[in-house]
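Shown below: entry.tsv, with TSV, C-alpha atoms and all ligand atoms.
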chain	number	residue	atom	x	y	z
A	295	VAL	CA	44.24	-113.93	98.76
A	296	LEU	CA	41.63	-115.63	96.60
A	297	SER	CA	38.16	-114.17	96.05
A	298	PRO	CA	35.22	-116.21	97.41
A	299	LEU	CA	34.36	-117.49	93.90
A	300	ARG	CA	37.97	-118.53	93.25
A	301	ARG	CA	38.09	-120.30	96.61
A	302	ARG	CA	34.92	-122.20	95.69
A	303	ILE	CA	36.46	-123.14	92.35
A	304	VAL	CA	39.67	-124.41	93.96
A	305	GLY	CA	37.80	-126.18	96.76
A	306	THR	CA	35.39	-127.93	94.40
A	307	THR	CA	38.30	-129.04	92.23
A	308	MET	CA	40.14	-130.37	95.29
A	309	ARG	CA	37.10	-132.37	96.36
A	310	ALA	CA	36.66	-133.83	92.89
A	311	GLY	CA	40.35	-134.41	92.21
A	312	GLU	CA	39.91	-133.49	88.55
A	313	LEU	CA	37.06	-131.81	86.63
A	314	SER	CA	36.22	-130.45	83.20
A	315	ARG	CA	35.27	-126.77	82.97
A	316	SER	CA	31.63	-127.59	82.28
A	317	ASP	CA	31.39	-130.07	85.20
A	318	LEU	CA	32.93	-127.44	87.44
A	319	ALA	CA	30.42	-124.81	86.32
A	320	ARG	CA	27.58	-127.27	86.86
A	321	ARG	CA	28.71	-128.13	90.37
A	322	LEU	CA	28.90	-124.44	91.23
A	323	SER	CA	25.50	-123.80	89.62
A	324	LEU	CA	27.09	-121.09	87.48
A	325	SER	CA	27.37	-120.56	83.74
A	326	ARG	CA	30.54	-121.66	82.00
A	327	SER	CA	31.14	-118.15	80.78
A	328	SER	CA	31.22	-116.74	84.31
A	329	VAL	CA	33.56	-119.47	85.58
A	330	SER	CA	35.96	-119.63	82.61
A	331	PRO	CA	37.84	-116.35	83.12
A	332	GLU	CA	38.34	-117.19	86.79
A	333	ILE	CA	39.73	-120.62	85.86
A	334	SER	CA	42.07	-119.04	83.33
A	335	ASP	CA	43.40	-116.69	86.01
A	336	LEU	CA	43.81	-119.54	88.49
A	337	LEU	CA	45.69	-121.52	85.81
A	338	ALA	CA	47.94	-118.54	85.15
A	339	MET	CA	48.55	-118.15	88.90
A	340	GLY	CA	49.52	-121.82	89.09
A	341	VAL	CA	46.87	-122.63	91.73
A	342	LEU	CA	45.15	-124.94	89.24
A	343	VAL	CA	46.71	-127.00	86.47
A	344	ALA	CA	45.15	-128.27	83.25
A	345	ASP	CA	45.52	-131.85	82.04
A	346	ARG	CA	48.22	-132.90	84.45
A	347	HIS	CA	48.35	-136.33	82.81
A	348	SER	CA	48.82	-135.00	79.25
A	349	PRO	CA	50.06	-131.43	79.59
A	350	SER	CA	50.41	-130.93	75.84
A	351	THR	CA	46.65	-130.36	75.56
A	352	GLY	CA	46.85	-127.70	78.35
A	353	GLY	CA	44.28	-124.83	78.25
A	354	ARG	CA	42.02	-126.21	75.48
A	355	ARG	CA	38.27	-126.46	76.03
A	356	GLY	CA	37.97	-130.14	76.99
A	357	ALA	CA	40.94	-130.07	79.36
A	358	LEU	CA	40.58	-131.46	82.87
A	359	ILE	CA	41.32	-129.00	85.65
A	360	ALA	CA	43.09	-130.16	88.82
A	361	PRO	CA	44.54	-128.51	91.93
A	362	ALA	CA	48.25	-127.71	91.75
A	363	GLY	CA	50.84	-130.10	93.12
A	364	PRO	CA	53.91	-129.22	95.20
A	365	GLY	CA	55.54	-125.82	95.00
A	366	VAL	CA	52.45	-123.58	95.07
A	367	ALA	CA	50.88	-123.71	98.51
A	368	VAL	CA	51.55	-125.79	101.60
A	369	LEU	CA	48.95	-126.88	104.13
A	370	ALA	CA	49.93	-128.22	107.54
A	371	GLY	CA	48.08	-130.75	109.66
A	372	VAL	CA	48.71	-131.58	113.32
A	373	ASP	CA	47.21	-134.63	115.00
A	374	ILE	CA	47.27	-134.66	118.80
A	375	ASP	CA	46.56	-138.00	120.44
A	376	ALA	CA	47.12	-139.12	124.03
A	377	ASP	CA	50.38	-140.92	123.25
A	378	ARG	CA	51.74	-139.13	120.18
A	379	VAL	CA	51.81	-135.95	118.11
A	380	SER	CA	52.00	-136.18	114.32
A	381	VAL	CA	52.37	-133.54	111.64
A	382	ALA	CA	51.97	-133.61	107.87
A	383	LEU	CA	52.54	-131.05	105.14
A	384	THR	CA	50.53	-131.40	101.95
A	385	ALA	CA	50.12	-129.64	98.61
A	386	LEU	CA	46.73	-128.48	97.29
A	387	ASP	CA	46.32	-131.72	95.33
A	388	GLY	CA	46.75	-133.76	98.50
A	389	THR	CA	50.34	-134.84	97.83
A	390	VAL	CA	51.97	-135.48	101.19
A	391	LEU	CA	55.20	-133.47	101.17
A	392	ALA	CA	56.43	-134.53	104.59
A	393	SER	CA	55.19	-136.20	107.74
A	394	ASP	CA	56.63	-136.76	111.19
A	395	THR	CA	55.57	-138.35	114.44
A	396	LEU	CA	56.72	-137.77	117.99
A	397	GLU	CA	55.84	-140.65	120.32
A	398	MET	CA	55.36	-139.10	123.74
A	399	ASP	CA	52.92	-138.83	126.61
A	400	ALA	CA	51.09	-135.93	124.97
A	401	ALA	CA	48.18	-136.28	127.38
A	402	ALA	CA	50.48	-135.37	130.25
A	403	ASP	CA	52.23	-132.34	128.79
A	404	PRO	CA	50.48	-130.02	126.31
A	405	ALA	CA	53.32	-127.46	126.25
A	406	ILE	CA	55.99	-129.99	125.24
A	407	ALA	CA	53.65	-131.66	122.73
A	408	LEU	CA	52.86	-128.34	121.02
A	409	ARG	CA	56.48	-127.29	120.92
A	410	GLY	CA	57.41	-130.68	119.47
A	411	ALA	CA	54.76	-130.37	116.76
A	412	ALA	CA	55.85	-126.84	115.84
A	413	GLU	CA	59.50	-127.91	115.59
A	414	MET	CA	58.63	-130.83	113.32
A	415	ILE	CA	56.66	-128.48	111.03
A	416	GLU	CA	59.53	-125.98	110.95
A	417	ARG	CA	61.97	-128.73	110.07
A	418	ASP	CA	59.72	-130.07	107.28
A	419	LEU	CA	58.76	-126.67	105.86
A	420	ALA	CA	62.16	-125.79	104.47
A	421	PRO	CA	62.27	-128.58	101.84
A	422	ALA	CA	58.48	-128.38	101.25
A	423	ALA	CA	59.03	-125.59	98.69
A	424	GLY	CA	55.98	-123.39	98.98
A	425	PRO	CA	54.43	-120.90	101.38
A	426	LEU	CA	52.39	-122.23	104.32
A	427	GLN	CA	48.78	-121.11	103.82
A	428	ALA	CA	46.86	-122.58	106.75
A	429	LEU	CA	47.11	-125.10	109.54
A	430	GLY	CA	44.59	-127.66	110.77
A	431	ILE	CA	44.57	-129.39	114.15
A	432	SER	CA	42.94	-132.68	114.97
A	433	ILE	CA	42.78	-133.48	118.68
A	434	ALA	CA	41.52	-136.51	120.60
A	435	ALA	CA	39.27	-134.36	122.76
A	436	ASP	CA	36.02	-132.51	122.24
A	437	VAL	CA	36.46	-128.91	121.19
A	438	ASP	CA	34.27	-126.16	122.58
A	439	PRO	CA	32.51	-124.74	119.52
A	440	VAL	CA	32.49	-121.23	120.99
A	441	THR	CA	36.04	-120.86	122.32
A	442	GLY	CA	37.71	-123.31	119.91
A	443	ARG	CA	39.59	-124.79	122.86
A	444	PRO	CA	39.59	-128.43	123.95
A	445	VAL	CA	37.21	-129.29	126.75
A	446	SER	CA	38.11	-131.76	129.46
A	447	ALA	CA	38.37	-135.25	128.00
A	448	PRO	CA	38.76	-138.30	130.27
A	449	THR	CA	41.85	-139.31	128.27
A	450	MET	CA	43.41	-135.82	127.95
A	451	PRO	CA	42.26	-133.76	130.99
A	452	ARG	CA	45.31	-131.47	130.96
A	453	TRP	CA	44.43	-130.09	127.54
A	454	ALA	CA	41.20	-128.52	128.78
A	455	ASP	CA	40.96	-124.87	127.72
A	456	TRP	CA	44.49	-124.86	126.24
A	457	PRO	CA	44.74	-122.19	123.45
A	458	VAL	CA	45.99	-124.67	120.83
A	459	CYS	CA	44.82	-122.66	117.81
A	460	ASP	CA	46.36	-119.43	119.08
A	461	PHE	CA	49.66	-121.19	119.64
A	462	PHE	CA	49.98	-122.32	116.01
A	463	ALA	CA	48.42	-119.19	114.50
A	464	GLU	CA	50.96	-117.03	116.32
A	465	ARG	CA	53.93	-119.28	115.70
A	466	PHE	CA	53.34	-119.56	111.94
A	467	GLY	CA	51.38	-116.38	111.17
A	468	VAL	CA	48.61	-118.28	109.37
A	469	ARG	CA	45.01	-119.09	110.18
A	470	ALA	CA	44.61	-122.23	112.25
A	471	PHE	CA	41.54	-124.44	112.46
A	472	ILE	CA	40.79	-127.04	115.11
A	473	ASP	CA	38.28	-129.81	115.61
A	474	ASN	CA	37.84	-133.08	117.43
A	475	ASP	CA	39.77	-135.91	115.72
A	476	VAL	CA	36.74	-137.85	114.51
A	477	ASN	CA	35.07	-134.73	113.15
A	478	VAL	CA	38.27	-134.01	111.23
A	479	LEU	CA	38.28	-137.57	109.89
A	480	ALA	CA	34.64	-137.20	108.85
A	481	LEU	CA	35.37	-133.90	107.10
A	482	ALA	CA	38.40	-135.37	105.34
A	483	GLU	CA	36.39	-138.38	104.17
A	484	ALA	CA	33.61	-136.12	102.90
A	485	ALA	CA	36.21	-134.07	101.00
A	486	HIS	CA	38.12	-137.12	99.73
A	487	PRO	CA	37.78	-137.42	95.93
A	488	HIS	CA	37.38	-141.19	96.21
A	489	THR	CA	34.95	-141.20	99.12
A	490	GLY	CA	32.70	-138.18	99.01
A	491	PRO	CA	30.82	-138.77	95.75
A	492	GLY	CA	30.84	-142.58	96.00
A	493	LEU	CA	29.46	-142.86	99.48
A	494	GLY	CA	26.45	-140.64	99.30
A	495	PRO	CA	25.97	-137.58	101.45
A	496	SER	CA	25.34	-139.20	104.86
A	497	PHE	CA	27.76	-141.56	106.57
A	498	ILE	CA	29.68	-142.06	109.79
A	499	VAL	CA	33.38	-142.49	110.55
A	500	MET	CA	34.46	-144.34	113.66
A	501	LYS	CA	37.92	-144.16	115.20
A	502	ILE	CA	39.35	-146.68	117.61
A	503	SER	CA	42.12	-145.33	119.81
A	504	ARG	CA	42.33	-144.75	123.55
A	505	GLY	CA	38.76	-143.54	123.23
A	506	LEU	CA	36.11	-144.57	120.74
A	507	GLY	CA	34.43	-141.78	118.83
A	508	CYS	CA	32.33	-141.23	115.80
A	509	GLY	CA	32.19	-138.41	113.23
A	510	ILE	CA	28.85	-137.87	111.53
A	511	VAL	CA	28.37	-136.52	108.01
A	512	VAL	CA	24.84	-135.43	107.11
A	513	ASP	CA	24.15	-134.16	103.61
A	514	GLY	CA	27.87	-133.67	103.00
A	515	LYS	CA	28.50	-131.63	106.14
A	516	VAL	CA	29.87	-132.64	109.52
A	517	PHE	CA	27.07	-132.81	112.04
A	518	ARG	CA	28.12	-131.77	115.54
A	519	GLY	CA	24.89	-131.79	117.51
A	520	SER	CA	23.28	-128.87	119.31
A	521	ALA	CA	26.26	-128.12	121.53
A	522	GLY	CA	29.06	-129.65	119.44
A	523	PHE	CA	29.43	-133.01	121.17
A	524	ALA	CA	27.58	-135.47	118.92
A	525	GLY	CA	29.03	-138.88	118.11
A	526	ASP	CA	30.28	-140.03	121.50
A	527	LEU	CA	29.89	-143.71	120.67
A	528	GLY	CA	32.35	-144.90	123.32
A	529	HIS	CA	30.05	-144.14	126.23
A	530	ILE	CA	26.95	-145.81	124.88
A	531	CYS	CA	26.20	-148.91	126.93
A	532	ALA	CA	27.24	-152.06	125.06
A	533	ASP	CA	26.59	-154.55	127.86
A	534	GLN	CA	24.24	-153.83	130.72
A	535	HIS	CA	25.66	-156.70	132.76
A	536	ASP	CA	29.31	-155.77	132.35
A	537	ARG	CA	30.60	-154.33	135.65
A	538	THR	CA	33.80	-152.77	134.28
A	539	LEU	CA	34.01	-149.16	135.39
A	540	CYS	CA	34.55	-146.64	132.59
A	541	ALA	CA	36.49	-143.36	132.94
A	542	CYS	CA	33.13	-141.58	132.56
A	543	GLY	CA	31.79	-143.21	135.75
A	544	ASN	CA	29.35	-145.58	134.06
A	545	ARG	CA	29.67	-149.33	133.60
A	546	GLY	CA	29.43	-151.40	130.44
A	547	CYS	CA	30.43	-148.57	128.08
A	548	LEU	CA	31.53	-149.62	124.59
A	549	GLU	CA	34.91	-148.00	125.25
A	550	VAL	CA	35.80	-150.39	128.10
A	551	LEU	CA	34.94	-153.35	125.88
A	552	ALA	CA	36.35	-152.23	122.53
A	553	GLY	CA	38.71	-149.28	123.07
A	554	GLU	CA	42.47	-149.60	122.54
A	555	PRO	CA	43.28	-150.29	126.23
A	556	ALA	CA	40.68	-153.09	126.32
A	557	ILE	CA	42.10	-154.68	123.14
A	558	LEU	CA	45.68	-154.46	124.44
A	559	THR	CA	44.77	-155.91	127.87
A	560	GLU	CA	43.14	-158.91	126.19
A	561	ALA	CA	46.07	-159.26	123.80
A	562	ASP	CA	48.55	-159.26	126.70
A	563	ALA	CA	46.50	-162.01	128.35
A	564	LEU	CA	46.66	-164.08	125.14
A	565	ALA	CA	50.44	-163.69	125.09
A	566	ASP	CA	50.81	-164.40	128.83
A	567	GLU	CA	48.67	-167.52	128.77
A	568	GLY	CA	50.48	-169.00	125.78
A	569	ARG	CA	47.35	-168.87	123.63
A	570	SER	CA	49.09	-166.66	121.07
A	571	PRO	CA	52.76	-167.52	120.59
A	572	ILE	CA	52.96	-165.04	117.66
A	573	LEU	CA	51.84	-162.17	119.89
A	574	ALA	CA	54.22	-163.25	122.65
A	575	ALA	CA	57.11	-163.24	120.14
A	576	LEU	CA	56.10	-159.83	118.73
A	577	ARG	CA	55.87	-158.41	122.25
A	578	GLU	CA	59.32	-159.75	123.05
A	579	GLN	CA	60.75	-158.05	119.94
A	580	HIS	CA	59.19	-154.71	120.89
A	581	ASP	CA	60.48	-154.16	124.43
A	582	GLY	CA	57.60	-156.04	126.01
A	583	VAL	CA	54.95	-153.56	124.89
A	584	LEU	CA	52.05	-154.46	122.61
A	585	THR	CA	50.43	-151.93	120.27
A	586	LEU	CA	47.39	-152.13	117.97
A	587	ASP	CA	49.89	-152.38	115.10
A	588	LEU	CA	51.33	-155.59	116.54
A	589	VAL	CA	47.90	-157.03	117.35
A	590	GLY	CA	46.88	-156.35	113.73
A	591	ALA	CA	50.10	-157.94	112.47
A	592	ALA	CA	49.49	-161.10	114.55
A	593	SER	CA	45.97	-161.33	113.18
A	594	ALA	CA	47.18	-160.82	109.61
A	595	ALA	CA	49.73	-163.60	110.19
A	596	GLY	CA	46.82	-165.95	110.80
A	597	ASP	CA	46.84	-166.14	114.61
A	598	ALA	CA	43.46	-167.68	115.44
A	599	ALA	CA	43.29	-166.46	119.05
A	600	VAL	CA	43.97	-162.85	118.02
A	601	GLY	CA	41.51	-163.15	115.15
A	602	SER	CA	38.86	-164.34	117.59
A	603	LEU	CA	39.65	-161.42	119.93
A	604	LEU	CA	39.25	-158.89	117.10
A	605	ARG	CA	36.05	-160.49	115.91
A	606	ASP	CA	34.63	-160.20	119.46
A	607	VAL	CA	35.69	-156.55	119.64
A	608	GLY	CA	33.98	-156.01	116.28
A	609	LYS	CA	30.80	-157.62	117.63
A	610	HIS	CA	30.73	-155.27	120.65
A	611	ILE	CA	31.08	-152.32	118.27
A	612	GLY	CA	28.52	-153.82	115.88
A	613	PHE	CA	26.01	-154.22	118.72
A	614	VAL	CA	26.08	-150.47	119.37
A	615	LEU	CA	26.39	-149.53	115.69
A	616	ALA	CA	23.29	-151.58	114.85
A	617	GLY	CA	21.26	-149.12	116.91
A	618	VAL	CA	23.00	-146.18	115.26
A	619	VAL	CA	22.38	-147.63	111.80
A	620	SER	CA	18.67	-148.24	112.48
A	621	PHE	CA	18.32	-144.75	113.85
A	622	PHE	CA	20.44	-142.79	111.34
A	623	ASN	CA	20.38	-144.93	108.18
A	624	PRO	CA	23.88	-143.98	106.95
A	625	SER	CA	25.14	-145.13	103.55
A	626	ALA	CA	28.42	-146.27	105.10
A	627	VAL	CA	30.33	-146.84	108.29
A	628	LEU	CA	34.04	-146.11	107.84
A	629	VAL	CA	36.41	-147.48	110.46
A	630	SER	CA	39.82	-146.03	111.31
A	631	SER	CA	42.11	-147.92	113.66
A	632	GLY	CA	45.76	-148.76	114.11
A	633	LEU	CA	45.08	-152.45	113.43
A	634	GLY	CA	46.45	-152.52	109.89
A	635	GLY	CA	45.96	-156.02	108.47
A	636	GLY	CA	43.79	-157.03	111.43
A	637	GLU	CA	41.09	-154.55	110.50
A	638	ASP	CA	39.31	-156.92	108.11
A	639	ILE	CA	38.40	-159.39	110.86
A	640	LEU	CA	37.22	-156.55	113.08
A	641	LEU	CA	35.04	-155.27	110.21
A	642	ASN	CA	33.55	-158.74	109.79
A	643	GLY	CA	32.59	-158.80	113.47
A	644	ILE	CA	30.96	-155.37	113.09
A	645	ARG	CA	29.06	-156.46	109.97
A	646	GLU	CA	27.85	-159.64	111.63
A	647	LEU	CA	26.08	-157.81	114.45
A	648	VAL	CA	24.93	-154.83	112.38
A	649	TYR	CA	23.25	-157.07	109.80
A	650	GLN	CA	21.85	-159.31	112.50
A	651	ARG	CA	20.34	-156.55	114.62
A	652	ALA	CA	19.68	-153.48	112.47
A	653	LEU	CA	16.47	-153.24	110.50
A	654	PRO	CA	16.75	-154.60	106.94
A	655	PHE	CA	15.67	-151.33	105.34
A	656	SER	CA	18.44	-149.45	107.09
A	657	THR	CA	21.17	-151.90	106.04
A	658	ARG	CA	20.14	-152.02	102.38
A	659	GLY	CA	23.19	-150.73	100.49
A	660	LEU	CA	25.09	-150.12	103.73
A	661	GLN	CA	28.87	-150.36	103.40
A	662	VAL	CA	31.08	-151.16	106.40
A	663	MET	CA	34.62	-150.41	105.30
A	664	ARG	CA	38.04	-149.06	106.19
A	665	SER	CA	38.58	-145.32	106.38
A	666	HIS	CA	41.07	-143.79	103.93
A	667	PHE	CA	42.73	-142.26	106.98
A	668	HIS	CA	44.26	-144.72	109.38
A	669	ARG	CA	45.96	-143.92	112.59
A	670	ASP	CA	48.91	-142.40	110.76
A	671	GLY	CA	46.50	-140.45	108.56
A	672	GLY	CA	45.30	-138.17	111.37
A	673	ALA	CA	47.74	-135.40	110.45
A	674	VAL	CA	46.90	-135.70	106.75
A	675	SER	CA	43.19	-135.39	107.55
A	676	ALA	CA	44.03	-132.31	109.65
A	677	ALA	CA	45.72	-130.83	106.57
A	678	VAL	CA	42.40	-131.33	104.77
A	679	LEU	CA	40.76	-129.32	107.57
A	680	ALA	CA	43.37	-126.60	106.93
A	681	ALA	CA	42.60	-126.62	103.19
A	682	GLU	CA	38.86	-126.56	103.69
A	683	GLY	CA	39.15	-123.82	106.28
A	684	TRP	CA	41.51	-121.79	104.13
A	685	LEU	CA	39.14	-122.08	101.19
A	686	GLY	CA	36.09	-121.36	103.30
A	687	MET	CA	34.71	-124.82	102.49
A	688	ALA	CA	34.77	-126.49	105.87
A	689	GLY	CA	31.68	-124.95	107.27
A	690	THR	CA	33.65	-125.32	110.48
A	691	VAL	CA	34.47	-121.70	110.90
A	692	ALA	CA	31.28	-120.40	109.35
A	693	GLU	CA	29.12	-122.67	111.47
A	694	ARG	CA	30.97	-121.71	114.58
A	695	ARG	CA	30.71	-118.05	113.81
A	696	ALA	CA	26.97	-118.45	113.38
A	697	LEU	CA	26.87	-120.18	116.74
A	698	VAL	CA	28.95	-117.43	118.25
A	699	SER	CA	26.73	-114.67	116.94
A	700	ARG	CA	23.69	-116.48	118.29
A	701	THR	CA	25.23	-116.67	121.72
A	702	SER	CA	26.77	-113.18	121.28
A	703	ARG	CA	30.07	-114.00	122.88
A	704	SER	CA	33.05	-111.91	121.97
A	705	SER	CA	35.98	-114.18	122.77
A	706	VAL	CA	36.21	-116.26	119.63
A	707	VAL	CA	39.42	-117.99	118.76
A	708	THR	CA	38.19	-120.86	116.61
A	709	ASP	CA	40.46	-120.04	113.72
A	710	GLY	CA	43.17	-118.17	115.57
A	711	THR	CA	42.25	-114.81	114.07
A	712	GLY	CA	39.38	-113.81	116.32
A	713	PRO	CA	35.81	-113.05	115.23
B	801	ZN	ZN	31.94	-144.43	129.56
Using structure tokens, write down the structure that the file contains.
Amino acid sequence: VLSPLRRRIVGTTMRAGELSRSDLARRLSLSRSSVSPEISDLLAMGVLVADRHSPSTGGRRGALIAPAGPGVAVLAGVDIDADRVSVALTALDGTVLASDTLEMDAAADPAIALRGAAEMIERDLAPAAGPLQALGISIAADVDPVTGRPVSAPTMPRWADWPVCDFFAERFGVRAFIDNDVNVLALAEAAHPHTGPGLGPSFIVMKISRGLGCGIVVDGKVFRGSAGFAGDLGHICADQHDRTLCACGNRGCLEVLAGEPAILTEADALADEGRSPILAALREQHDGVLTLDLVGAASAAGDAAVGSLLRDVGKHIGFVLAGVVSFFNPSAVLVSSGLGGGEDILLNGIRELVYQRALPFSTRGLQVMRSHFHRDGGAVSAAVLAAEGWLGMAGTVAERRALVSRTSRSSVVTDGTGP
């Protein structure tokens, strides 16, 4: 068990990727002399390594400190989506040691999905060479900030109040942390060595899957709103005149115009009507079922009809995001989808409407770009949640505990270990 200072040292190093001793001390607002002995101990323990690129210079004063690679500690991430469960095991330095996906109707059967995830982790742990330290869960549903359990989501109603954290904490004997999938993505982006510092402290991450949600980072921390449900972009009205009924009961929601089911319905129509022979051929090769992957592949192959579809989807999203950008003034909008090569056209559609409609001051310096974590990266981002939770960096647990003490409830299971 690491002391709070050592956890801050490891966590700060993980977020930076690599740091000199003096940079590390500066970031922690501590003197070099108070940090140095702790670093030496962490180096001796193998939790940190010095100069991984040129080990011969090892412990000397100018050496760069980095988190340890495989063999020291293992973090597990579980991503639960309506139609699949994925797991990933990572080392402290972010190396992915193993990953696995189970395609199944996870929305319909929480018990089978959880068992499947646990079995994949058990199978992958043996060759992962290192003790499991913590587990993070990313789920495509809102999570009650007090109980730590999913609340009823239109796409995953059966998961409501399921003790997901307890299940994994008991099965693996480690602390487990859970959050809504887009909040986990936002946290992972904020902690990503290549994103965090470059993007500035306030940005948003949007995920396109069966639903359409948004994680919000304010001043480097995930913002969840007063009751934990901020960022529900999918149910903002994108077209007042659209009569399509949304699962939430409203009409004209962004989700019914730009969510995965909407994209796939349009794509099927393109294939059916002969407007996209590439898509029709891809569908034929994949048992007659289109996925976002295939739509993205058709677009990347230069299919004009699919490109036009994705641009229109991007414009619907951009219409809503323009309001968000004017209101919130983020430094970036990061988009995560399963579209692969088709994502660029979608991003162009988003940019077009955002720049057209948002106020010029709010778009100055704004970046609209891909997330580092695509659909397959959900489990890896959940492993980041595990790391941040384990190191006490996430704010997730601390914030929730603060919320709990304010509401003075006693049944807290946010991290699987109780209050
Ligand atoms: Zn809706």
message = Neighbours of ligand ZN 801 (chain B) at 8 Å or closer, counting all atoms listed in the file: which residues, as a count of residues only?
response = 16
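The two atoms in question, atom CA of A:Asp345 and atom CA of A:Asp418, are spaced 29.0 Å apart.
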Taken to one decimal, the atom CA of A:Arg658-atom CA of A:Pro495 distance is 15.6 Å
Do you have, as CSV, the list of residues of stretch 651-691 of chain A lying at most 8 Å from stretch 483-486 of chain A, each with its nearest atom pair and that distance in Å to one decimal, counting only C-alpha atoms and ordered by chain then number?
residue,atom,partner,partner_atom,distance
A:Ser665,CA,A:Glu483,CA,7.6
A:His666,CA,A:Glu483,CA,7.2
A:Phe667,CA,A:Glu483,CA,7.9
A:Val678,CA,A:Ala485,CA,7.7
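A straight line drawn from atom CA of A:Asp581 to atom CA of A:His668 is 24.1 Å long.
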Neighbourhood query: residues within 8 Å of (47.6, -157.4, 114.7), file coordinates, counting all atoms listed in the file; return as a PyMOL selection string.
chain A and resi 586-595+600+633-636
So which residues touch A:Ser297 within 10 Å, counting all atoms listed in the file, skipping near sequence neighbours fewer than 4 positions away, as a list of chain:residue names? A:Arg301, A:Arg302, A:Ile303, A:Glu332, A:Leu685
Skipping near chain neighbours, those fewer than 6 positions away, what residues fall within 7 Å of A:Ser631 using only C-alpha atoms, listed as a PDB file with C-alpha atoms, keeping the file's coordinate frame?
ATOM      1  CA  LYS A 501      37.920-144.160 115.200  1.00  0.00           C
ATOM      2  CA  ILE A 502      39.350-146.680 117.610  1.00  0.00           C
ATOM      3  CA  SER A 503      42.120-145.330 119.810  1.00  0.00           C
ATOM      4  CA  HIS A 668      44.260-144.720 109.380  1.00  0.00           C
ATOM      5  CA  ARG A 669      45.960-143.920 112.590  1.00  0.00           C
TER       6      ARG A 669
END
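Near (46.6, -150.6, 120.6), the residues that fall inside 6 Å on the basis of all atoms listed in the file are Glu554, Leu558, Thr585 and Leu586 of chain A.
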Determine, counting only C-alpha atoms, which protein, DNA and RNA residues have an atom within 8 Å of an atom of A:Ala422; residues of the same chain fewer than 3 positions away are not included. Present the result as a list of chain:residue names.
A:Pro364, A:Gly365, A:Val368, A:Leu383, A:Leu391, A:Ala392, A:Asp418, A:Leu419
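Counting only C-alpha atoms, the residue from A:Asp377, A:Ala310, A:Ala556, A:Leu322 that sits nearest to A:Thr538 is A:Ala556.
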Neighbouring residues of A:Thr384 were defined as those with any atom within 9 Å, considering only C-alpha atoms; residues of the same chain fewer than 2 positions away were excluded. Please report them as a PyMOL selection string.
chain A and resi 363-364+367-371+382+386-393+422+674+677-678
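Shortest separation to A:Gly553 among A:Leu408, A:Gly643, A:Ala428, A:Met500 occurs at residue A:Met500, atoms counted being all atoms listed in the file.
Nearest to A:Arg504 of all the residues A:Thr441, A:Ser330, A:Ser620, A:Thr449 is A:Thr449, counting all atoms listed in the file.
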Complete stretch 572-583 of chain A at the level of N, CA and C atoms, written as a PDB file, in the frame of the given file.
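Okay, part-v3.pdb is ready:
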ATOM      1  N   ILE A 572      52.527-166.105 118.581  1.00  0.00           N
ATOM      2  CA  ILE A 572      52.960-165.040 117.660  1.00  0.00           C
ATOM      3  C   ILE A 572      53.001-163.692 118.390  1.00  0.00           C
ATOM      4  N   LEU A 573      51.929-163.441 119.151  1.00  0.00           N
ATOM      5  CA  LEU A 573      51.840-162.170 119.890  1.00  0.00           C
ATOM      6  C   LEU A 573      52.936-162.096 120.953  1.00  0.00           C
ATOM      7  N   ALA A 574      53.178-163.216 121.615  1.00  0.00           N
ATOM      8  CA  ALA A 574      54.220-163.250 122.650  1.00  0.00           C
ATOM      9  C   ALA A 574      55.579-162.926 122.015  1.00  0.00           C
ATOM     10  N   ALA A 575      55.831-163.493 120.817  1.00  0.00           N
ATOM     11  CA  ALA A 575      57.110-163.240 120.140  1.00  0.00           C
ATOM     12  C   ALA A 575      57.212-161.776 119.712  1.00  0.00           C
ATOM     13  N   LEU A 576      56.097-161.232 119.170  1.00  0.00           N
ATOM     14  CA  LEU A 576      56.100-159.830 118.730  1.00  0.00           C
ATOM     15  C   LEU A 576      56.340-158.899 119.927  1.00  0.00           C
ATOM     16  N   ARG A 577      55.718-159.248 121.054  1.00  0.00           N
ATOM     17  CA  ARG A 577      55.870-158.410 122.250  1.00  0.00           C
ATOM     18  C   ARG A 577      57.325-158.415 122.715  1.00  0.00           C
ATOM     19  N   GLU A 578      57.910-159.590 122.664  1.00  0.00           N
ATOM     20  CA  GLU A 578      59.320-159.750 123.050  1.00  0.00           C
ATOM     21  C   GLU A 578      60.219-158.861 122.185  1.00  0.00           C
ATOM     22  N   GLN A 579      59.923-158.839 120.870  1.00  0.00           N
ATOM     23  CA  GLN A 579      60.750-158.050 119.940  1.00  0.00           C
ATOM     24  C   GLN A 579      60.555-156.547 120.108  1.00  0.00           C
ATOM     25  N   HIS A 580      59.478-156.135 120.777  1.00  0.00           N
ATOM     26  CA  HIS A 580      59.190-154.710 120.890  1.00  0.00           C
ATOM     27  C   HIS A 580      59.194-154.252 122.352  1.00  0.00           C
ATOM     28  N   ASP A 581      60.252-154.607 123.048  1.00  0.00           N
ATOM     29  CA  ASP A 581      60.480-154.160 124.430  1.00  0.00           C
ATOM     30  C   ASP A 581      59.327-154.515 125.367  1.00  0.00           C
ATOM     31  N   GLY A 582      58.639-155.584 125.088  1.00  0.00           N
ATOM     32  CA  GLY A 582      57.600-156.040 126.010  1.00  0.00           C
ATOM     33  C   GLY A 582      56.315-155.240 125.978  1.00  0.00           C
ATOM     34  N   VAL A 583      56.160-154.385 124.955  1.00  0.00           N
ATOM     35  CA  VAL A 583      54.950-153.560 124.890  1.00  0.00           C
ATOM     36  C   VAL A 583      54.160-153.849 123.610  1.00  0.00           C
TER      37      VAL A 583
END
